[in-house]
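Take a look at the structure set out below.
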Amino acid sequence: MERTIISWIEKHTGLKNQSIRATLQLLNSGATIPFIARYRKELTHSLDETEIRAIEKSQNEIKTLIQRKESIQKSIEEQGKWTAELAEKINDCWDAQHLEDLYLPYKRKRKTKADTARSNGLEGLAKFILSQQGGTSLEQRAAQYLNDNVVDVESALEGARHIIAEWMNEDLQVRNRLRRRYERSAVISSKVIASKKTEAQQYKDYWEFSESLQRIPSHRLLAIRRGESEGLLRVQINIDTDEALDIIERKFVKKHHPTAEQIIEAGKDAWSRLLSPSLENEFAKISKSKADLEAIEVFSNNLRQLLLEPPLGQRATLAIDPGFRTGCKVAVLNKNGQFGEYQTIFPHPPQMQKANAEKTIITLIERHGVEAIAIGNGTAGRETEDFVNHAIAQLKHRPEVYLISEAGASIYSASEIAREEFPDLDLTVRGAISIGRRLMDPLAELVKIDAKSIGVGQYQHDVHQVALREALDHQVISCVNQVGINVNTASAPLLSYVSGIGPVLAKNIVAYRDENGDFTNRKELKKVKGLGAKAYEQAAGFLRIKNGSQPLDDSAIHPERYDFIKQIAQSHQTSIDNIVGNEAIIQQIDWKKYQSPELGMPTLKDIAQELKKPGLDPRGKAEVFSFSQSIRQINDLYEGLVLPGIVTNLTKFGAFVDIGIKENGLVHVSQITNRFIKDPAEVLHLGQKVEVGVQSIDLERKRIQLTMKDLTK
């Protein structure tokens, strides 16, 4: 069975047998994907996380298929219909759809018209009609099947046709030919439900709509399906009926035979009552799954870019959640993101207490040595930015001012995590803290928020929620472990995503830290309750300890390689302390001579890179960005205006850009570059600073069309 599983995975992933075998052994022994990708390159031949995840997914799929085969066998055996021939077919079947086709004749279902006809003794007549042989007239043969339940010839023929229709429905060749037709030429169409036109205004583009199912973009299909689920649209997937009937007739009808008319009628019945609804449902699921996967991929890629946005780093920060009537909540965070104090200021209408607000801001900056100011970009965001810049203009050492996305901040504020962190603080103050921490370290803060609430996808509430959750969790785990986590400052939610940790151990780590103070080396992690040898192996390389007793603990070098590095240091008559960060020594090392089956060049290169720049954050540093000072609302825009913006969301059809007003503008995929691209992600990424031109403005619907092509100021 193991050989079958590996061969199946090899076929579906295109990866090498040896790499698959090694990866499965590691996964099945409890190793995590980040650990395997980073620290077991010699075994897997340097498979990356995507390839390892594909192996894991394929293994789960074939295990599910095997379980389904076992379930089907049990069901058919209970019916007493299991045969050696059927066993061979099912054992040799490794396609989920083909397996269901094999099971279809034995599938338990409610009593059908064909079942009734069989119970009335009409199966023999059906076989006679379908055989298209013999000289007996059809009427004479049908008359032989009359009984108390079959009172006339037409009733007999009708019952026989029901049986034939069921055989047609279960015919593998017919179903596969029809599937190929669906794949090539199926059309999805939608119509508004007449009585729901008022409620369906947002779906007006789909009131009378049709498109090739093969070519329809995922966002359109998901929009149509949403309209259908809301009871506003009627959706169908069809192929040409005449073509479908021709496929059925070519399989079953012999030309000019007296029974041909009955078979043709049975074919029409089979198509309209059985095959068409079944295949429409099948392709509705297939197309929805395909659209889901594409939407999930977009969301997942966007989330990764958002999580890996450059952090400000450890700098004392003033965080402001702006507001008009209720004021601006101002929170101070020290360089480790710990909350100091908060104030509420009222620099805007209706209170207009600007002088007091300025005094408060200056006092907080000077009292806490504030180096940066984070302002939420929601309501009153730009106005608060103007106020703050004016207030700090008098300072000799002015903090840098950043506008920060508020997406998801309110979700965090009301969450259990926020209540545990700040049980005595108001929701809006928690929101301000989250805004400040998002500037200091976006990854550490965003992991506390349900990814669906961050708003960087398309139709995230319409796709398969389990698949979405799995994809987003994988992305968060990947990002957390790529960056590495400071074990002495990380929250429990952040630690829970570290390889081998999880929520329980994360809380235990924080509890140990609270009781015993900061960790001084990685070995101390073994003292944490429940953190055994396996968890330590999986987690240690991804946890950082700064200014500890072992300099390698602030790197991605795994403790299992410390003795090896000690040997290298000794061979160069120096110490580990002296070799870390010393490029002159590292460049002198002949790494090739240290190669072995367990320690190859991929890992040696990783070690060399980490020794050169231990603890280097791969995300870079946050940069200040300024919107156009003259543009504050949609009414300030005009066609042809060129202005700066930040990419806030990517979809398959275009990029959404924040231009400093409440409404984001859309750059359609055709307006991003002069060369043809299928996907905006080919040239853009979230957080990218861009220049855009205003193409059109729809004030009524508050829609802004932008372009990045042929800009002139």
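Residues are named by chain letter and number: chains run A, B, ... in the order of the structure tokens, numbers start at 1 in each chain, and ligands are numbered from 1 in the order shown.
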
Exercise. Run DSSP on the backbone and give me the residues of range 126-174 of chain A it puts in alpha helix (DSSP H), as a ChimeraX atom specification.
Key: /A:126-131,138-143,153-170,172-174

Quiz item: Neighbours of Ile247 in chain A within 10 Å (only C-alpha atoms; same-chain residues fewer than 2 positions away dropped), as a ChimeraX atom specification?
Solution: /A:173-175,177-178,181,241-245,249-252,267

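Taking range 233-356 of chain A and asking which residues DSSP calls strand (DSSP E or B) on the backbone, you get A:Leu233, A:Arg234, A:Val235, A:Gln236, A:Ile237, A:Asn238, A:Thr317, A:Leu318, A:Ala319, A:Ile320, A:Asp321, A:Cys328, A:Lys329, A:Val330, A:Ala331, A:Val332, A:Leu333, A:Phe339, A:Gly340, A:Glu341, A:Tyr342, A:Gln343, A:Thr344, A:Ile345.
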
Self-check item: Pick from A:Lys255, A:Lys354, A:Arg398, A:Arg430 nearest to Glu445 in chain A, counting only C-alpha atoms
Solution: A:Arg430

Exercise. May I ask which of the residues A:Gly654, A:Gly484, A:Pro322, A:Pro423 is the closest one to Asp386 in chain A, counting only C-alpha atoms?
Key: A:Pro322

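If you look at CA of Ala156 in chain A and CA of Glu261 in chain A, they are 14.8 Å away from each other.
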